[in-house]
>>> print(open('my_file.txt').read())   # compact mmCIF, C-alpha atoms and all ligand atoms
# COMPACT_ATOMS: atom_id res chain seq x y z
CA MET A 23 -1.91 14.78 -22.90
CA THR A 24 -4.10 12.00 -21.54
CA ASP A 25 -4.58 11.30 -17.88
CA ALA A 26 -3.42 8.03 -16.36
CA PRO A 27 -5.62 5.24 -17.69
CA THR A 28 -7.80 3.67 -15.01
CA ALA A 29 -7.58 0.10 -16.37
CA PRO A 30 -4.61 -1.94 -15.11
CA ALA A 31 -1.80 -2.56 -17.57
CA PRO A 32 -2.11 -5.86 -19.44
CA ALA A 33 -0.26 -8.84 -18.00
CA ARG A 34 3.18 -9.17 -19.52
CA ALA A 35 4.83 -12.30 -20.72
CA ASP A 36 8.23 -10.69 -20.41
CA PRO A 37 9.07 -9.52 -16.91
CA SER A 38 12.22 -7.78 -18.10
CA GLY A 39 10.15 -4.96 -19.58
CA SER A 40 10.06 -3.99 -23.20
CA ALA A 41 10.16 -0.99 -25.44
CA SER A 42 6.80 -1.79 -26.94
CA ASP A 43 4.34 -0.93 -24.17
CA PRO A 44 3.09 2.58 -25.05
CA GLU A 45 0.91 2.74 -21.92
CA VAL A 46 3.93 2.93 -19.64
CA GLY A 47 4.81 6.47 -20.62
CA GLN A 48 1.24 7.78 -20.52
CA ARG A 49 0.83 7.18 -16.81
CA ARG A 50 1.63 10.15 -14.65
CA LEU A 51 3.07 7.84 -12.00
CA LEU A 52 5.25 5.72 -14.24
CA PRO A 53 5.58 1.95 -13.84
CA TRP A 54 9.22 2.69 -14.53
CA ARG A 55 10.54 -0.84 -14.19
CA ARG A 56 8.62 -1.68 -17.38
CA ALA A 57 10.10 1.23 -19.30
CA PRO A 58 12.77 0.91 -21.96
CA PHE A 59 16.17 1.95 -20.61
CA PRO A 60 16.86 4.81 -21.18
CA ALA A 61 13.24 5.99 -21.36
CA PRO A 62 11.96 7.66 -24.58
CA TRP A 63 10.96 10.91 -22.85
CA SER A 64 10.39 12.93 -26.02
CA ALA A 65 8.03 10.27 -27.38
CA TRP A 66 6.21 10.06 -24.07
CA PHE A 67 5.79 13.83 -23.75
CA GLY A 68 5.04 14.07 -27.47
CA ARG A 69 7.59 16.80 -28.16
CA GLU A 70 11.23 17.89 -27.94
CA ALA A 71 11.49 20.15 -24.89
CA PRO A 72 14.02 20.80 -22.14
CA LEU A 73 13.79 17.99 -19.60
CA HIS A 74 14.18 18.76 -15.90
CA LEU A 75 14.53 16.33 -13.02
CA GLU A 76 13.61 16.82 -9.38
CA ILE A 77 14.85 14.29 -6.83
CA GLY A 78 12.96 13.82 -3.55
CA PHE A 79 9.92 15.92 -4.51
CA GLY A 80 8.07 15.15 -1.26
CA ASP A 81 4.46 16.27 -1.57
CA GLY A 82 5.13 17.65 -5.05
CA ARG A 83 4.14 21.27 -4.56
CA PHE A 84 7.42 22.60 -6.03
CA THR A 85 7.13 20.22 -9.00
CA VAL A 86 3.61 21.40 -9.73
CA ALA A 87 4.47 25.08 -9.31
CA ARG A 88 7.39 24.78 -11.73
CA ALA A 89 5.52 22.74 -14.31
CA GLU A 90 2.66 25.27 -14.26
CA ALA A 91 5.09 28.20 -14.58
CA GLU A 92 7.02 26.62 -17.46
CA PRO A 93 4.53 24.82 -19.72
CA GLU A 94 7.08 24.65 -22.55
CA HIS A 95 9.37 22.44 -20.43
CA ASP A 96 8.95 18.84 -19.27
CA PHE A 97 9.48 17.67 -15.69
CA VAL A 98 10.27 14.31 -14.14
CA GLY A 99 10.15 13.83 -10.39
CA ILE A 100 11.71 10.91 -8.55
CA GLU A 101 10.69 10.15 -4.98
CA ALA A 102 11.54 7.17 -2.78
CA SER A 103 8.46 7.40 -0.55
CA GLY A 104 5.26 5.84 -1.87
CA VAL A 105 3.08 7.99 0.41
CA SER A 106 4.69 11.17 -0.92
CA ALA A 107 4.50 9.98 -4.52
CA ARG A 108 0.78 9.32 -4.10
CA ARG A 109 0.22 12.80 -2.63
CA ALA A 110 2.15 14.46 -5.41
CA LEU A 111 0.24 12.45 -8.00
CA GLY A 112 -3.00 13.91 -6.60
CA LYS A 113 -1.63 17.42 -7.06
CA VAL A 114 -0.37 16.76 -10.59
CA ARG A 115 -3.75 15.30 -11.55
CA ALA A 116 -5.70 18.13 -9.94
CA ALA A 117 -3.60 20.65 -11.85
CA GLY A 118 -4.20 18.71 -15.09
CA LEU A 119 -0.52 18.84 -15.95
CA GLY A 120 0.63 16.94 -19.02
CA ASN A 121 4.27 18.00 -18.73
CA VAL A 122 5.02 16.02 -15.55
CA ARG A 123 5.84 12.37 -14.90
CA LEU A 124 6.46 10.98 -11.44
CA VAL A 125 8.62 8.00 -10.59
CA LYS A 126 8.46 6.18 -7.26
CA ALA A 127 12.01 4.89 -6.90
CA GLY A 128 15.38 5.39 -5.32
CA ALA A 129 17.04 8.11 -7.37
CA GLN A 130 20.30 6.28 -7.99
CA ALA A 131 18.74 3.33 -9.82
CA ALA A 132 16.15 5.46 -11.62
CA VAL A 133 18.65 8.06 -12.88
CA ARG A 134 21.03 5.38 -14.07
CA ASN A 135 18.36 3.59 -16.06
CA LEU A 136 15.86 6.19 -17.22
CA PHE A 137 18.01 8.98 -18.65
CA GLY A 138 20.41 8.94 -21.58
CA PRO A 139 23.71 10.86 -21.68
CA GLY A 140 23.34 14.65 -21.91
CA THR A 141 19.54 14.63 -21.74
CA LEU A 142 18.81 16.64 -18.58
CA ALA A 143 18.66 20.43 -18.54
CA SER A 144 18.67 20.60 -14.74
CA VAL A 145 18.41 18.52 -11.58
CA THR A 146 16.70 20.05 -8.54
CA VAL A 147 17.23 18.76 -5.02
CA ASN A 148 15.23 20.64 -2.40
CA PHE A 149 15.93 19.90 1.24
CA PRO A 150 17.46 16.45 0.93
CA ASP A 151 17.51 14.26 4.03
CA PRO A 152 20.59 15.60 5.87
CA TRP A 153 21.86 12.38 7.49
CA PRO A 154 23.58 14.55 10.10
CA LYS A 155 25.66 11.85 11.84
CA THR A 156 29.15 11.36 10.41
CA ARG A 157 28.67 7.60 10.23
CA HIS A 158 25.59 8.12 8.06
CA GLU A 159 27.27 10.46 5.53
CA GLY A 160 27.34 7.57 3.06
CA ASN A 161 23.53 7.85 2.78
CA ARG A 162 23.64 11.42 1.54
CA LEU A 163 22.29 11.88 -1.96
CA LEU A 164 24.74 14.43 -3.36
CA ARG A 165 28.02 12.60 -3.21
CA MET A 166 30.30 10.64 -5.49
CA PRO A 167 29.76 8.43 -7.44
CA PHE A 168 26.16 9.67 -7.94
CA LEU A 169 27.40 13.17 -8.79
CA GLY A 170 29.37 11.57 -11.64
CA THR A 171 26.26 9.79 -12.97
CA LEU A 172 24.27 13.03 -12.81
CA ALA A 173 27.08 14.87 -14.62
CA GLU A 174 26.96 12.34 -17.45
CA ARG A 175 23.16 12.65 -17.77
CA LEU A 176 23.20 16.48 -17.71
CA ALA A 177 23.33 18.40 -20.97
CA PRO A 178 26.32 20.69 -21.55
CA GLY A 179 25.92 23.67 -19.21
CA GLY A 180 23.15 21.91 -17.30
CA GLU A 181 23.10 22.21 -13.53
CA ILE A 182 22.20 20.70 -10.20
CA ARG A 183 20.30 23.11 -7.97
CA LEU A 184 20.54 22.39 -4.27
CA ALA A 185 18.52 24.03 -1.51
CA THR A 186 19.06 22.96 2.08
CA ASP A 187 18.58 24.33 5.57
CA HIS A 188 21.46 22.15 6.75
CA GLU A 189 24.80 23.93 6.76
CA ALA A 190 26.88 20.78 7.18
CA TYR A 191 25.09 19.07 4.28
CA PHE A 192 25.62 22.14 2.12
CA ALA A 193 29.35 22.17 2.92
CA TYR A 194 29.60 18.41 2.34
CA ALA A 195 27.81 18.45 -1.05
CA THR A 196 29.81 21.47 -2.23
CA GLU A 197 33.05 19.80 -1.18
CA GLN A 198 32.08 16.59 -3.02
CA VAL A 199 31.18 18.64 -6.10
CA ARG A 200 34.52 20.46 -6.05
CA ALA A 201 36.43 17.22 -5.48
CA CYS A 202 34.84 15.45 -8.45
CA GLY A 203 35.86 18.29 -10.78
CA LEU A 204 32.82 17.99 -13.06
CA TYR A 205 30.97 21.15 -12.02
CA GLU A 206 31.55 24.81 -11.28
CA VAL A 207 30.01 26.01 -8.03
CA GLU A 208 27.76 29.09 -8.18
CA LEU A 209 26.28 30.43 -4.95
CA ARG A 210 22.94 32.03 -5.72
CA ASP A 211 19.80 33.34 -4.09
CA PRO A 212 17.09 30.70 -4.21
CA PRO A 213 14.13 31.33 -6.50
CA PRO A 214 10.96 32.27 -4.53
CA GLU A 215 9.18 28.93 -5.03
CA VAL A 216 11.99 27.16 -3.12
CA HIS A 217 10.74 28.95 -0.01
CA ARG A 218 7.30 27.43 -0.42
CA THR A 219 8.09 23.69 -0.27
CA LYS A 220 6.72 21.80 2.72
CA TYR A 221 10.16 21.49 4.28
CA ALA A 222 11.22 25.04 3.47
CA LEU A 223 8.16 26.34 5.33
CA LYS A 224 9.02 24.10 8.26
CA TRP A 225 12.64 25.28 8.49
CA LEU A 226 11.82 28.93 7.84
CA ALA A 227 9.24 28.80 10.68
CA GLN A 228 12.07 27.63 12.92
CA GLY A 229 14.14 30.64 11.88
CA LYS A 230 16.56 28.62 9.77
CA GLY A 231 17.94 30.06 6.54
CA VAL A 232 18.20 28.39 3.14
CA HIS A 233 21.57 27.56 1.60
CA TYR A 234 21.37 27.51 -2.16
CA ALA A 235 23.84 26.72 -4.93
CA ALA A 236 23.94 25.70 -8.55
CA TYR A 237 26.54 23.13 -9.56
CA VAL A 238 27.02 23.92 -13.22
CA ARG A 239 28.34 21.18 -15.49
CA ASN A 240 31.70 21.99 -17.01
CA ASP A 241 33.18 20.29 -20.07
CA ARG A 242 35.33 17.69 -18.31
CA PRO A 243 34.33 14.15 -19.32
CA ALA A 244 32.14 12.36 -16.79
CA PRO A 245 32.30 8.65 -15.98
CA VAL A 246 29.85 6.55 -17.95
CA LEU A 247 27.47 4.29 -16.03
CA ALA A 248 25.26 2.72 -18.68
CA PRO A 249 21.72 1.54 -17.90
CA VAL A 250 21.29 -2.06 -16.90
CA ARG A 251 21.28 -4.25 -20.02
CA ARG A 252 18.32 -6.54 -19.83
CA PRO A 253 18.73 -9.92 -21.51
CA ASP A 254 16.72 -10.87 -24.59
CA ARG A 255 15.95 -14.21 -23.04
CA MET A 256 14.57 -14.58 -19.54
CA PRO A 257 16.79 -16.54 -17.17
CA HIS A 258 15.38 -20.00 -16.50
CA ALA A 259 16.30 -23.59 -15.78
CA LEU A 260 14.59 -26.89 -16.58
CA LEU A 261 14.55 -29.68 -14.02
CA HIS A 262 12.93 -33.09 -13.71
CA GLY A 263 11.50 -34.17 -10.40
CA ARG A 264 8.46 -33.98 -8.17
CA LEU A 265 7.46 -30.95 -6.15
CA PRO A 266 7.45 -31.70 -2.44
CA ASP A 267 4.14 -31.09 -0.63
CA ALA A 268 5.99 -29.55 2.30
CA PRO A 269 9.35 -28.28 1.07
CA SER A 270 12.05 -28.06 3.70
CA PHE A 271 13.52 -24.62 3.57
CA GLU A 272 16.04 -22.50 5.40
CA LYS A 273 16.63 -18.84 4.78
CA THR A 274 19.77 -18.67 2.64
CA VAL A 275 22.08 -15.80 1.68
CA LEU A 276 24.08 -16.24 -1.52
CA GLU A 277 26.89 -14.13 -2.94
CA VAL A 278 26.22 -13.69 -6.66
CA GLU A 279 27.60 -11.57 -9.49
CA GLY A 280 26.87 -7.92 -8.70
CA GLY A 281 25.43 -8.37 -5.19
CA HIS A 282 23.76 -10.92 -3.02
CA VAL A 283 20.53 -12.84 -2.94
CA ILE A 284 18.41 -13.84 0.05
CA LEU A 285 16.03 -16.77 -0.36
CA HIS A 286 13.42 -16.10 2.35
CA GLU A 287 10.71 -18.74 2.03
CA ALA A 288 9.15 -21.26 -0.31
CA MET A 289 5.37 -21.52 -0.74
CA ARG A 290 3.28 -24.10 -2.57
CA ALA A 291 0.71 -22.51 -4.85
CA VAL A 292 -1.91 -23.71 -7.30
CA ALA A 293 -2.25 -21.61 -10.43
CA GLY A 294 -6.00 -21.79 -10.88
CA ASP A 295 -6.19 -20.67 -14.47
CA ARG A 296 -3.68 -23.19 -15.69
CA GLY A 297 -4.34 -25.87 -13.10
CA ARG A 298 -0.65 -26.52 -12.64
CA ASP A 299 1.20 -26.92 -9.40
CA ARG A 300 3.74 -24.32 -8.58
CA LEU A 301 6.14 -23.43 -5.88
CA LEU A 302 7.04 -19.80 -5.27
CA VAL A 303 10.25 -18.67 -3.61
CA ARG A 304 10.29 -15.18 -2.13
CA VAL A 305 13.64 -13.54 -2.80
CA THR A 306 15.45 -10.29 -2.08
CA VAL A 307 18.11 -9.27 -4.59
CA ASP A 308 20.44 -6.66 -3.17
CA GLU A 309 22.76 -4.76 -5.50
CA PRO A 310 24.38 -1.33 -5.14
CA ASP A 311 21.57 1.26 -5.52
CA LEU A 312 18.92 -1.37 -6.29
CA ILE A 313 17.06 -3.65 -3.91
CA GLN A 314 14.39 -5.83 -5.47
CA GLN A 315 11.84 -8.09 -3.84
CA LEU A 316 10.77 -10.75 -6.26
CA LEU A 317 9.28 -14.20 -6.71
CA VAL A 318 11.00 -17.08 -8.45
CA ALA A 319 8.53 -19.75 -9.55
CA VAL A 320 9.04 -23.45 -9.99
CA GLN A 321 6.27 -24.36 -12.41
CA ARG A 322 5.32 -27.85 -13.54
CA ARG A 323 5.09 -28.24 -17.31
CA GLU A 324 4.79 -31.69 -18.94
CA GLY A 325 5.11 -34.85 -16.84
CA ASN A 326 7.73 -34.22 -14.22
CA GLU A 327 9.43 -31.39 -16.13
CA HIS A 328 9.54 -28.12 -14.21
CA ILE A 329 10.75 -24.66 -15.18
CA VAL A 330 12.43 -22.31 -12.72
CA ARG A 331 11.82 -18.73 -13.77
CA LEU A 332 11.12 -15.22 -12.62
CA GLU A 333 7.53 -14.11 -11.97
CA SER A 334 6.50 -10.77 -13.47
CA PHE A 335 5.08 -9.77 -10.05
CA GLY A 336 6.78 -6.53 -8.95
CA ASP A 337 8.17 -5.77 -12.41
CA PRO A 338 11.69 -7.00 -11.69
CA ILE A 339 14.62 -5.56 -13.58
CA VAL A 340 16.68 -8.49 -14.78
CA THR A 341 20.22 -7.82 -13.63
CA PRO A 342 23.12 -10.27 -13.24
CA ALA A 343 22.19 -10.66 -9.55
CA VAL A 344 18.59 -11.49 -10.52
CA ARG A 345 19.97 -14.24 -12.75
CA GLY A 346 21.85 -15.34 -9.64
CA ALA A 347 18.49 -15.66 -7.85
CA VAL A 348 17.22 -18.08 -10.53
CA HIS A 349 20.45 -20.01 -10.14
CA GLY A 350 20.06 -20.02 -6.34
CA VAL A 351 16.54 -21.47 -6.51
CA THR A 352 17.66 -24.07 -9.07
CA GLU A 353 20.47 -25.16 -6.77
CA TRP A 354 18.16 -25.25 -3.75
CA LEU A 355 15.71 -27.49 -5.61
CA HIS A 356 18.50 -29.71 -6.87
CA ALA A 357 19.80 -30.08 -3.31
CA GLN A 358 16.35 -31.36 -2.20
CA GLY A 359 17.25 -34.70 -3.83
CA GLY A 360 15.37 -36.53 -6.57
CA TRP A 361 15.85 -33.70 -9.08
CA THR A 362 17.96 -33.64 -12.23
CA VAL A 363 18.83 -30.41 -14.03
CA ALA A 364 18.16 -30.62 -17.79
CA ALA A 365 19.12 -27.05 -18.77
CA ARG A 366 20.42 -23.90 -17.17
CA ASN A 367 19.73 -20.75 -19.17
CA TYR A 368 20.81 -17.88 -16.98
C1 LIG A 401 13.30 16.31 3.64
S1 LIG A 401 12.27 15.70 2.39
C2 LIG A 401 12.09 17.10 1.28
C3 LIG A 401 10.87 17.00 0.42
C4 LIG A 401 10.63 18.17 -0.56
N1 LIG A 401 11.72 18.33 -1.50
C5 LIG A 401 10.38 19.46 0.19
O1 LIG A 401 11.22 20.36 0.11
O2 LIG A 401 9.32 19.56 0.83
C6 LIG A 401 13.40 14.66 1.47
C7 LIG A 401 12.67 13.78 0.47
O3 LIG A 401 13.63 13.04 -0.30
C8 LIG A 401 13.16 11.72 -0.47
N2 LIG A 401 14.34 10.88 -0.74
C9 LIG A 401 15.33 10.55 0.11
N3 LIG A 401 16.25 9.78 -0.49
C10 LIG A 401 15.83 9.62 -1.77
C11 LIG A 401 16.35 8.90 -2.89
N4 LIG A 401 17.48 8.22 -2.83
N5 LIG A 401 15.65 8.94 -4.04
C12 LIG A 401 14.49 9.63 -4.13
N6 LIG A 401 13.95 10.32 -3.09
C13 LIG A 401 14.61 10.32 -1.93
C14 LIG A 401 12.45 11.41 0.81
O4 LIG A 401 11.52 10.36 0.68
C15 LIG A 401 11.76 12.73 1.12
O5 LIG A 401 10.48 12.84 0.55
>>> encode(input="my_file.txt", output="structure tokens")
Amino acid sequence: MTDAPTAPAPARADPSGSASDPEVGQRRLLPWRRAPFPAPWSAWFGREAPLHLEIGFGDGRFTVARAEAEPEHDFVGIEASGVSARRALGKVRAAGLGNVRLVKAGAQAAVRNLFGPGTLASVTVNFPDPWPKTRHEGNRLLRMPFLGTLAERLAPGGEIRLATDHEAYFAYATEQVRACGLYEVELRDPPPEVHRTKYALKWLAQGKGVHYAAYVRNDRPAPVLAPVRRPDRMPHALLHGRLPDAPSFEKTVLEVEGGHVILHEAMRAVAGDRGRDRLLVRVTVDEPDLIQQLLVAVQRREGNEHIVRLESFGDPIVTPAVRGAVHGVTEWLHAQGGWTVAARNY
């Protein structure tokens, strides 16, 4: 297995990602937004092997220990924190492991998009953030509907393995698991390496015990939440007009299909290589389980024709709400006066 290439990935014409970029899967810290959905794990690992997922791997020491102990298996770790992902990447590199890929992402969006039905042998969650206050329970990882998505991605007989110091979290997750009816609960002793994660050591030093269970997939059908379907054609609009030197702009929140869009600011830019004037609008697209920060460009083409389209910056995933962002910028420009819309393709 090769190490992560040092050269940056080539610029992409298609910000929606494509199945044809072989470099994506060779990087140990995956640029997952550019991956095909679901991801071709067997092709990336170069073999058919049991595939295990760890969510919230922290500094990665458990991931590395497991991947070293089970070289015939493949391991994917998902972690929301960039600092932790970077630390874990250092460990994976230092260990020279080819059977590990790391993903810096929120687990809900990454699991939905990166794994096909029945493809995971196990899902490990060690010491998830407990969110102890009742009003924050909704932030807990192991709850419906995510348990349903995990059930659909697990292979028959596959299991979620939970370790936590937090009794209330343990009771909550187990109750959610029982209520969804897709797993059998098995209380077990944790394997020794669970006691050696950064957080395990912290809690054990404080005299806390570890609660451990396996939630084993039964044969009841799980709800299907398919990966996001990215369009073949990038959303765009064509307008005729003249870009204002100092655009008037107010932060705007728009309700769109699947979520909402915030237009934060508009900036004039000059694209040096092409010598064409552009205006960039910084946008947040907020959908359940997926928040994306992106740029929508208004780019001059011929004469006074301009195209409104998504920039590849940030590797956006083109969802219905992202199409709504292109629509929002088109409408904002139109409302400036002096613009006519020639085509809306979103
Ligand atoms: C308490 S730490 C435990 C870290 C590690 N498992 C250990 O035992 O040392 C919880 C970890 O889960 C990560 N996390 C929280 N929510 C997440 C999510 N939705 N997706 C991925 N990672 C998440 C946090 O960034 C943090 O690193």
>>> atom_distance(input="my_file.txt", atom1="atom O3 of ligand LIG 401 (chain A)", atom2="CA of Gly128 in chain A")
9.3 Å
>>> atom_distance(input="my_file.txt", atom1="CA of Arg210 in chain A", atom2="atom N1 of ligand LIG 401 (chain A)")
18.2 Å
>>> residues_near_ligand(input="my_file.txt", ligand="ligand LIG 401 (chain A)", cutoff="8 Å", atoms="all atoms listed in the file", output="PyMOL selection string")
chain A and resi 77-84+100-103+106+126-130+147-152+162-163+216+219-222
>>> closest_residue(input="my_file.txt", among="A:Thr274, A:His286, A:Trp66, A:Leu164", to="Val46 in chain A", atoms="only C-alpha atoms")
A:Trp66
>>> atom_distance(input="my_file.txt", atom1="CA of Glu324 in chain A", atom2="CA of Arg255 in chain A")
21.1 Å
>>> closest_residue(input="my_file.txt", among="A:Arg218, A:Arg290, A:Arg251, A:Arg239", to="Arg134 in chain A", atoms="all atoms listed in the file")
A:Arg251
>>> closest_residue(input="my_file.txt", among="A:Leu176, A:Ala236, A:Leu223, A:Leu285", to="Asp211 in chain A", atoms="all atoms listed in the file")
A:Ala236
>>> closest_residue(input="my_file.txt", among="A:Ala357, A:Phe168, A:Gly179, A:Val344", to="Asp311 in chain A", atoms="only C-alpha atoms")
A:Phe168
>>> residues_near_point(input="my_file.txt", point="(2.8, 16.2, -21.8)", cutoff="7 Å", atoms="all atoms listed in the file", output="VMD selection string")
chain A and resid 23 67 to 68 120 to 122
>>> decode(input="my_file.txt", residues="range 80-93 of chain A", atoms="N, CA and C atoms", output="mmCIF file, in the first residue's frame")
data_model
loop_
_atom_site.group_PDB
_atom_site.id
_atom_site.type_symbol
_atom_site.label_atom_id
_atom_site.label_comp_id
_atom_site.auth_asym_id
_atom_site.auth_seq_id
_atom_site.Cartn_x
_atom_site.Cartn_y
_atom_site.Cartn_z
ATOM 1 N N GLY A 80 -10.586 9.839 18.128
ATOM 2 C CA GLY A 80 -9.711 10.649 18.981
ATOM 3 C C GLY A 80 -8.288 10.652 18.459
ATOM 4 N N ASP A 81 -7.325 10.317 19.311
ATOM 5 C CA ASP A 81 -5.929 10.371 18.846
ATOM 6 C C ASP A 81 -5.517 9.112 18.075
ATOM 7 N N GLY A 82 -6.424 8.179 17.903
ATOM 8 C CA GLY A 82 -6.198 7.066 16.979
ATOM 9 C C GLY A 82 -5.441 5.878 17.551
ATOM 10 N N ARG A 83 -5.157 5.888 18.855
ATOM 11 C CA ARG A 83 -4.301 4.787 19.330
ATOM 12 C C ARG A 83 -5.023 3.438 19.290
ATOM 13 N N PHE A 84 -6.362 3.430 19.526
ATOM 14 C CA PHE A 84 -7.118 2.179 19.431
ATOM 15 C C PHE A 84 -7.143 1.693 17.977
ATOM 16 N N THR A 85 -7.382 2.625 17.064
ATOM 17 C CA THR A 85 -7.433 2.287 15.624
ATOM 18 C C THR A 85 -6.136 1.608 15.200
ATOM 19 N N VAL A 86 -5.024 2.211 15.597
ATOM 20 C CA VAL A 86 -3.716 1.682 15.203
ATOM 21 C C VAL A 86 -3.484 0.309 15.840
ATOM 22 N N ALA A 87 -3.826 0.198 17.119
ATOM 23 C CA ALA A 87 -3.599 -1.084 17.814
ATOM 24 C C ALA A 87 -4.390 -2.207 17.136
ATOM 25 N N ARG A 88 -5.640 -1.886 16.761
ATOM 26 C CA ARG A 88 -6.471 -2.923 16.148
ATOM 27 C C ARG A 88 -5.975 -3.279 14.754
ATOM 28 N N ALA A 89 -5.617 -2.260 13.995
ATOM 29 C CA ALA A 89 -5.174 -2.518 12.615
ATOM 30 C C ALA A 89 -3.865 -3.303 12.607
ATOM 31 N N GLU A 90 -3.015 -3.054 13.614
ATOM 32 C CA GLU A 90 -1.760 -3.827 13.708
ATOM 33 C C GLU A 90 -2.053 -5.266 14.108
ATOM 34 N N ALA A 91 -3.038 -5.438 15.012
ATOM 35 C CA ALA A 91 -3.342 -6.784 15.523
ATOM 36 C C ALA A 91 -4.075 -7.639 14.493
ATOM 37 N N GLU A 92 -4.794 -6.968 13.562
ATOM 38 C CA GLU A 92 -5.602 -7.715 12.589
ATOM 39 C C GLU A 92 -5.259 -7.275 11.162
ATOM 40 N N PRO A 93 -4.065 -7.644 10.688
ATOM 41 C CA PRO A 93 -3.641 -7.167 9.364
ATOM 42 C C PRO A 93 -4.500 -7.689 8.218
#
